[in-house]
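Engineer: This is protein-v2.txt, which holds compact mmCIF, C-alpha atoms:
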# COMPACT_ATOMS: atom_id res chain seq x y z
CA MET L 15 10.47 -28.15 170.47
CA MET L 16 8.34 -25.47 172.14
CA SER L 17 9.84 -24.29 175.43
CA ASP L 18 6.97 -22.16 176.77
CA THR L 19 4.96 -25.11 178.07
CA GLY L 20 5.36 -28.02 180.47
CA GLU L 21 3.95 -30.35 177.83
CA VAL L 22 5.82 -31.86 174.89
CA LYS L 23 4.86 -29.80 171.85
CA LEU L 24 6.54 -29.61 168.47
CA ARG L 25 6.14 -26.65 166.13
CA ILE L 26 6.52 -27.80 162.54
CA ARG L 27 7.42 -25.21 159.89
CA ASP L 28 5.77 -22.54 162.04
CA ARG L 29 2.41 -23.81 160.80
CA TYR L 30 1.51 -26.89 162.81
CA VAL L 31 1.73 -27.78 166.48
CA VAL L 32 1.92 -31.45 167.45
CA GLN L 33 1.35 -32.35 171.09
CA ILE L 34 2.77 -35.65 172.36
CA THR L 35 0.91 -36.91 175.44
CA PRO L 36 2.04 -40.07 177.25
CA SER L 37 -0.96 -42.12 178.38
CA PHE L 38 -1.37 -45.09 180.68
CA LYS L 39 -4.45 -47.32 180.71
CA CYS L 40 -5.73 -48.12 184.21
CA ALA L 41 -7.98 -51.06 183.32
CA GLY L 42 -9.98 -52.74 186.06
CA VAL L 43 -9.29 -49.82 188.40
CA TRP L 44 -11.79 -47.16 189.47
CA PRO L 45 -10.55 -43.97 191.17
CA ARG L 46 -11.58 -43.22 194.75
CA SER L 47 -12.50 -39.67 193.75
CA ALA L 48 -15.27 -41.19 191.57
CA ALA L 49 -16.30 -43.89 194.05
CA HIS L 50 -19.74 -42.30 194.57
CA TRP L 51 -20.68 -43.01 190.92
CA PRO L 52 -23.32 -43.95 190.06
CA VAL L 53 -25.76 -42.42 192.52
CA PRO L 54 -27.73 -45.42 193.89
CA GLN L 55 -31.27 -44.14 193.33
CA LEU L 56 -30.78 -43.44 189.62
CA THR L 57 -32.00 -45.91 186.99
CA TRP L 58 -29.38 -44.97 184.39
CA PRO L 59 -26.99 -46.39 183.41
CA HIS L 60 -28.03 -50.06 183.45
CA PRO L 61 -26.13 -52.20 186.03
CA ASN L 62 -24.46 -54.20 183.24
CA LEU L 63 -23.16 -50.99 181.69
CA ILE L 64 -21.89 -49.82 185.07
CA VAL L 65 -19.85 -53.02 185.42
CA GLN L 66 -18.52 -52.57 181.89
CA VAL L 67 -17.49 -48.97 182.56
CA LYS L 68 -15.71 -49.73 185.84
CA THR L 69 -13.95 -52.69 184.25
CA GLU L 70 -12.75 -50.46 181.41
CA GLY L 71 -11.26 -48.06 183.95
CA PHE L 72 -9.68 -44.76 182.98
CA ASP L 73 -6.53 -43.27 181.46
CA LEU L 74 -3.77 -41.22 183.04
CA LEU L 75 -2.43 -38.48 180.78
CA SER L 76 0.78 -36.55 181.36
CA LYS L 77 -0.35 -33.00 180.64
CA ASP L 78 -0.85 -29.58 182.14
CA SER L 79 -4.01 -29.03 184.15
CA VAL L 80 -5.72 -25.73 184.89
CA ILE L 81 -6.57 -27.20 188.31
CA MET L 82 -2.88 -27.08 189.29
CA HIS L 83 -2.29 -23.53 188.09
CA GLY L 84 -1.43 -21.18 190.90
CA LYS L 85 -0.65 -24.02 193.32
CA GLN L 86 2.72 -24.81 194.81
CA ASN L 87 3.52 -28.24 193.44
CA SER L 88 6.74 -30.01 194.38
CA MET L 89 6.14 -32.44 191.49
CA GLU L 90 5.75 -29.80 188.80
CA GLY L 91 6.26 -31.44 185.43
CA ASP L 92 5.18 -34.81 186.83
CA ALA L 93 1.42 -34.15 187.10
CA TRP L 94 -1.02 -36.69 185.71
CA VAL L 95 -4.59 -36.00 184.65
CA MET L 96 -7.37 -38.59 184.72
CA SER L 97 -9.27 -39.06 181.47
CA PHE L 98 -12.63 -40.88 181.20
CA THR L 99 -13.07 -40.39 177.44
CA ASP L 100 -13.44 -44.09 176.57
CA VAL L 101 -16.05 -44.85 179.24
CA GLU L 102 -17.93 -41.62 178.53
CA ASN L 103 -18.29 -42.76 174.93
CA GLN L 104 -19.52 -46.18 176.09
CA LEU L 105 -22.24 -44.51 178.15
CA LEU L 106 -23.54 -42.73 175.06
CA TYR L 107 -24.51 -45.93 173.24
CA GLY L 108 -28.21 -46.40 172.59
CA GLY L 109 -30.89 -44.19 171.12
CA CYS L 110 -29.75 -40.97 169.46
CA ARG L 111 -27.42 -39.90 172.25
CA LYS L 112 -24.36 -39.70 170.01
CA ARG L 113 -26.28 -37.92 167.29
CA CYS L 114 -27.52 -35.44 169.87
CA LEU L 115 -23.92 -34.82 170.94
CA SER L 116 -22.88 -34.31 167.31
CA ILE L 117 -25.62 -31.70 166.78
CA LEU L 118 -24.67 -29.90 169.99
CA LYS L 119 -21.00 -29.82 168.99
CA THR L 120 -21.96 -28.31 165.64
CA LEU L 121 -24.09 -25.66 167.37
CA ARG L 122 -21.21 -24.92 169.71
CA ASP L 123 -18.69 -24.58 166.87
CA ARG L 124 -20.99 -22.37 164.80
CA HIS L 125 -22.54 -20.15 167.49
CA LEU L 126 -20.71 -20.55 170.81
CA ASP L 127 -17.01 -20.40 169.84
CA LEU L 128 -16.49 -17.30 171.97
CA PRO L 129 -13.48 -15.27 173.21
CA GLY L 130 -11.83 -16.97 176.17
CA ASN L 131 -13.31 -20.31 175.10
CA PRO L 132 -15.82 -20.44 177.99
CA ILE L 133 -17.77 -23.32 176.40
CA THR L 134 -15.92 -26.38 175.13
CA ASN L 135 -17.18 -29.57 173.56
CA TYR L 136 -16.30 -31.34 176.82
CA HIS L 137 -18.74 -29.11 178.73
CA ILE L 138 -21.42 -30.13 176.23
CA LYS L 139 -20.59 -33.82 176.56
CA THR L 140 -20.65 -33.59 180.37
CA LEU L 141 -24.09 -31.99 180.43
CA LEU L 142 -25.38 -34.60 177.97
CA LEU L 143 -24.36 -37.31 180.46
CA TYR L 144 -26.31 -35.52 183.19
CA GLU L 145 -29.28 -35.29 180.81
CA CYS L 146 -29.07 -39.08 180.35
CA GLU L 147 -29.63 -39.47 184.10
CA LYS L 148 -32.72 -37.24 183.91
CA HIS L 149 -34.06 -39.16 180.89
CA PRO L 150 -32.87 -42.75 181.37
CA ARG L 151 -35.07 -44.58 178.85
CA ASP L 152 -33.82 -45.11 175.29
CA ALA L 153 -37.32 -44.17 174.11
CA GLU L 154 -36.62 -40.62 175.35
CA TRP L 155 -33.61 -40.49 173.03
CA GLU L 156 -35.38 -41.37 169.81
CA GLU L 157 -35.19 -38.99 166.87
CA THR L 158 -38.56 -37.43 167.68
CA GLY L 159 -37.23 -36.30 171.06
CA ILE L 160 -33.86 -34.87 170.00
CA ALA L 161 -35.07 -31.25 170.05
CA ASP L 162 -36.36 -31.65 173.62
CA ARG L 163 -33.07 -33.20 174.77
CA ILE L 164 -31.04 -30.44 173.11
CA ASN L 165 -33.17 -27.75 174.73
CA GLY L 166 -32.78 -29.44 178.10
CA ILE L 167 -29.00 -29.51 177.77
CA LEU L 168 -28.82 -25.87 176.64
CA LEU L 169 -30.94 -24.83 179.64
CA GLN L 170 -28.59 -26.82 181.90
CA LEU L 171 -25.69 -24.99 180.29
CA ILE L 172 -27.28 -21.59 180.95
CA SER L 173 -27.79 -22.53 184.60
CA CYS L 174 -24.16 -23.65 184.96
CA LEU L 175 -22.85 -20.49 183.30
CA GLN L 176 -24.93 -18.27 185.56
CA CYS L 177 -23.82 -20.21 188.66
CA ARG L 178 -20.26 -20.16 187.29
CA ARG L 179 -19.82 -23.85 188.00
CA CYS L 180 -19.92 -26.96 185.80
CA PRO L 181 -19.25 -30.16 187.80
CA HIS L 182 -17.34 -33.00 186.16
CA TYR L 183 -19.63 -35.99 185.57
CA PHE L 184 -17.58 -38.57 187.45
CA ILE L 185 -15.80 -36.18 189.87
CA PRO L 186 -18.40 -33.51 190.69
CA HIS L 187 -16.18 -31.58 193.10
CA LEU L 188 -14.04 -30.77 190.04
CA ASP L 189 -15.30 -27.55 188.42
CA LEU L 190 -14.85 -27.59 184.64
CA PHE L 191 -15.23 -23.79 184.55
CA LYS L 192 -12.14 -23.28 186.73
CA GLY L 193 -9.90 -20.69 185.10
CA LYS L 194 -12.72 -19.05 183.12
CA THR L 195 -13.41 -15.38 183.83
CA PRO L 196 -16.82 -14.35 185.25
CA ALA L 197 -17.25 -11.91 182.36
CA SER L 198 -16.71 -14.62 179.73
CA LEU L 199 -19.19 -16.95 181.47
CA GLU L 200 -21.80 -14.20 181.75
CA SER L 201 -21.42 -13.30 178.08
CA ALA L 202 -21.62 -16.98 177.12
CA SER L 203 -24.87 -17.45 179.06
CA LYS L 204 -26.48 -14.69 176.99
CA HIS L 205 -25.33 -16.29 173.75
CA VAL L 206 -26.67 -19.69 174.82
CA TRP L 207 -29.99 -18.14 175.83
CA ARG L 208 -30.38 -16.52 172.40
CA LEU L 209 -29.62 -19.86 170.74
CA SER L 210 -32.03 -21.74 173.00
CA ARG L 211 -34.79 -19.17 172.45
CA GLU L 212 -34.39 -19.52 168.68
CA ILE L 213 -34.77 -23.31 168.92
CA LEU L 214 -37.77 -23.04 171.27
CA THR L 215 -39.68 -20.47 169.20
CA ASN L 216 -38.80 -21.47 165.64
CA SER L 217 -39.92 -24.92 164.51
CA ARG L 218 -37.52 -24.75 161.57
CA ALA L 219 -34.55 -23.44 163.57
CA PHE L 220 -32.35 -26.47 162.86
CA ASP L 221 -32.73 -25.88 159.10
CA LYS L 222 -30.77 -22.64 159.33
CA LEU L 223 -28.64 -23.15 162.45
For this file, produce the structure as structure tokens.
Structural biologist:
Amino acid sequence: MMSDTGEVKLRIRDRYVVQITPSFKCAGVWPRSAAHWPVPQLTWPHPNLIVQVKTEGFDLLSKDSVIMHGKQNSMEGDAWVMSFTDVENQLLYGGCRKRCLSILKTLRDRHLDLPGNPITNYHIKTLLLYECEKHPRDAEWEETGIADRINGILLQLISCLQCRRCPHYFIPHLDLFKGKTPASLESASKHVWRLSREILTNSRAFDKL
């Protein structure tokens, strides 16, 4: 048992770390902090999908959160973190949304796995959801449009890195860059710009990236 963390982690043979995270499903419940979602004037997601998502609810995970670091918390060790993973995946049905996410994750792992971990796959997934709002029709997510969608998400990422803020999709007052250093975000923005420029200027960029 590892003692240097508030989470339950097991170190096995000094080679593997297994994290055990208790989780509770909150089905049929939607958190007040996400009550604004979806924004009324948007046409995505479809009303039926909205009902499905809110019926699915969310999960509560017992784990450390960077949001609580540095705060005086009388319930230290009893903090719960909301997770929307299941409903986020539901929102990505249709068109090539999931394929687009897979490509972006590969680009991130190959070219944006930087010191300090300023860009995670969850940042990518969050920005893809925002891109879905900007391009609501499934026709905009066909294979012929994947490059445009990827460029749009990378440009969003550059903007977020330069502003040093990446709002959570369902809880926008929650900054997903909290805890990241300004220097790491600035460096990351330059790396993303180089990657985006390569995709924009080289029609065969995906063949080598």
Engineer: So the first atom is atom CA of Ser76 of chain L and the second is atom CA of Trp94 of chain L; what is the distance between them in Å, to one decimal place?
Structural biologist: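 Taking atom CA of Ser76 of chain L as the start and atom CA of Trp94 of chain L as the end point, the length is 4.7 Å.
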Engineer: Report as a CSV table (one decimal) with C-alpha atoms, in the frame of the given file all protein, DNA and RNA residues lying within 10 Å of segment 159-173 of chain L, evaluated on all atoms listed in the file, omitting residues in the same chain fewer than 4 positions from it.
Structural biologist:
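And here's out34.csv as it stands now:
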chain,number,residue,atom,x,y,z
L,109,GLY,CA,-30.9,-44.2,171.1
L,110,CYS,CA,-29.8,-41.0,169.5
L,111,ARG,CA,-27.4,-39.9,172.2
L,113,ARG,CA,-26.3,-37.9,167.3
L,114,CYS,CA,-27.5,-35.4,169.9
L,115,LEU,CA,-23.9,-34.8,170.9
L,117,ILE,CA,-25.6,-31.7,166.8
L,118,LEU,CA,-24.7,-29.9,170.0
L,133,ILE,CA,-17.8,-23.3,176.4
L,137,HIS,CA,-18.7,-29.1,178.7
L,138,ILE,CA,-21.4,-30.1,176.2
L,139,LYS,CA,-20.6,-33.8,176.6
L,140,THR,CA,-20.6,-33.6,180.4
L,141,LEU,CA,-24.1,-32.0,180.4
L,142,LEU,CA,-25.4,-34.6,178.0
L,143,LEU,CA,-24.4,-37.3,180.5
L,144,TYR,CA,-26.3,-35.5,183.2
L,145,GLU,CA,-29.3,-35.3,180.8
L,146,CYS,CA,-29.1,-39.1,180.4
L,148,LYS,CA,-32.7,-37.2,183.9
L,149,HIS,CA,-34.1,-39.2,180.9
L,153,ALA,CA,-37.3,-44.2,174.1
L,154,GLU,CA,-36.6,-40.6,175.4
L,155,TRP,CA,-33.6,-40.5,173.0
L,177,CYS,CA,-23.8,-20.2,188.7
L,178,ARG,CA,-20.3,-20.2,187.3
L,179,ARG,CA,-19.8,-23.8,188.0
L,180,CYS,CA,-19.9,-27.0,185.8
L,199,LEU,CA,-19.2,-17.0,181.5
L,200,GLU,CA,-21.8,-14.2,181.8
L,202,ALA,CA,-21.6,-17.0,177.1
L,203,SER,CA,-24.9,-17.4,179.1
L,204,LYS,CA,-26.5,-14.7,177.0
L,205,HIS,CA,-25.3,-16.3,173.8
L,206,VAL,CA,-26.7,-19.7,174.8
L,207,TRP,CA,-30.0,-18.1,175.8
L,209,LEU,CA,-29.6,-19.9,170.7
L,210,SER,CA,-32.0,-21.7,173.0
L,211,ARG,CA,-34.8,-19.2,172.4
L,213,ILE,CA,-34.8,-23.3,168.9
L,214,LEU,CA,-37.8,-23.0,171.3
L,217,SER,CA,-39.9,-24.9,164.5
L,220,PHE,CA,-32.4,-26.5,162.9
Engineer: My list of candidates is L:Met16, L:Ser201, L:Thr99, L:Phe191. Which is closest to Asp28 of chain L when distances are computed with only C-alpha atoms?
Structural biologist: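 Looking at the shortest contact to Asp28 of chain L, the residue is L:Met16.
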Engineer: Could you make a table, as CSV, of the residues of segment 142-196 of chain L that have an atom within 7 Å of an atom of segment 35-59 of chain L, each with its nearest atom pair and distance in Å to one decimal, counting only C-alpha atoms, in chain and number order?
Structural biologist:
residue,atom,partner,partner_atom,distance
L:Glu147,CA,L:Trp58,CA,5.5
L:Pro150,CA,L:Trp58,CA,5.1
L:Phe184,CA,L:Ala48,CA,5.4
L:Ile185,CA,L:Ala48,CA,5.3
Engineer: Using Å and a single decimal, report how far atom CA of Ser198 of chain L sits from atom CA of Asp127 of chain L.
Structural biologist: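 We find that atom CA of Asp127 of chain L and atom CA of Ser198 of chain L lie 11.5 Å from each other.
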Engineer: Between atom CA of Leu126 of chain L and atom CA of Ser97 of chain L, what is the spacing in Å?
Structural biologist: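 Separating atom CA of Ser97 of chain L from atom CA of Leu126 of chain L is a distance of 24.2 Å.
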Engineer: Pick out the residues sitting within 7 Å of Met96 of chain L, and hand them over as a list in words; count all atoms listed in the file, and ignore anything fewer than 2 positions along from it in its own chain.
Structural biologist: Phe72, Asp73, Leu74, Leu75, Trp94 and Phe98 of chain L
Engineer: For Gln33 of chain L, find every residue with an atom within 8 Å (counting all atoms listed in the file), except residues of its own chain fewer than 6 positions away, and show them as a ChimeraX atom specification.
Structural biologist: /L:21-24
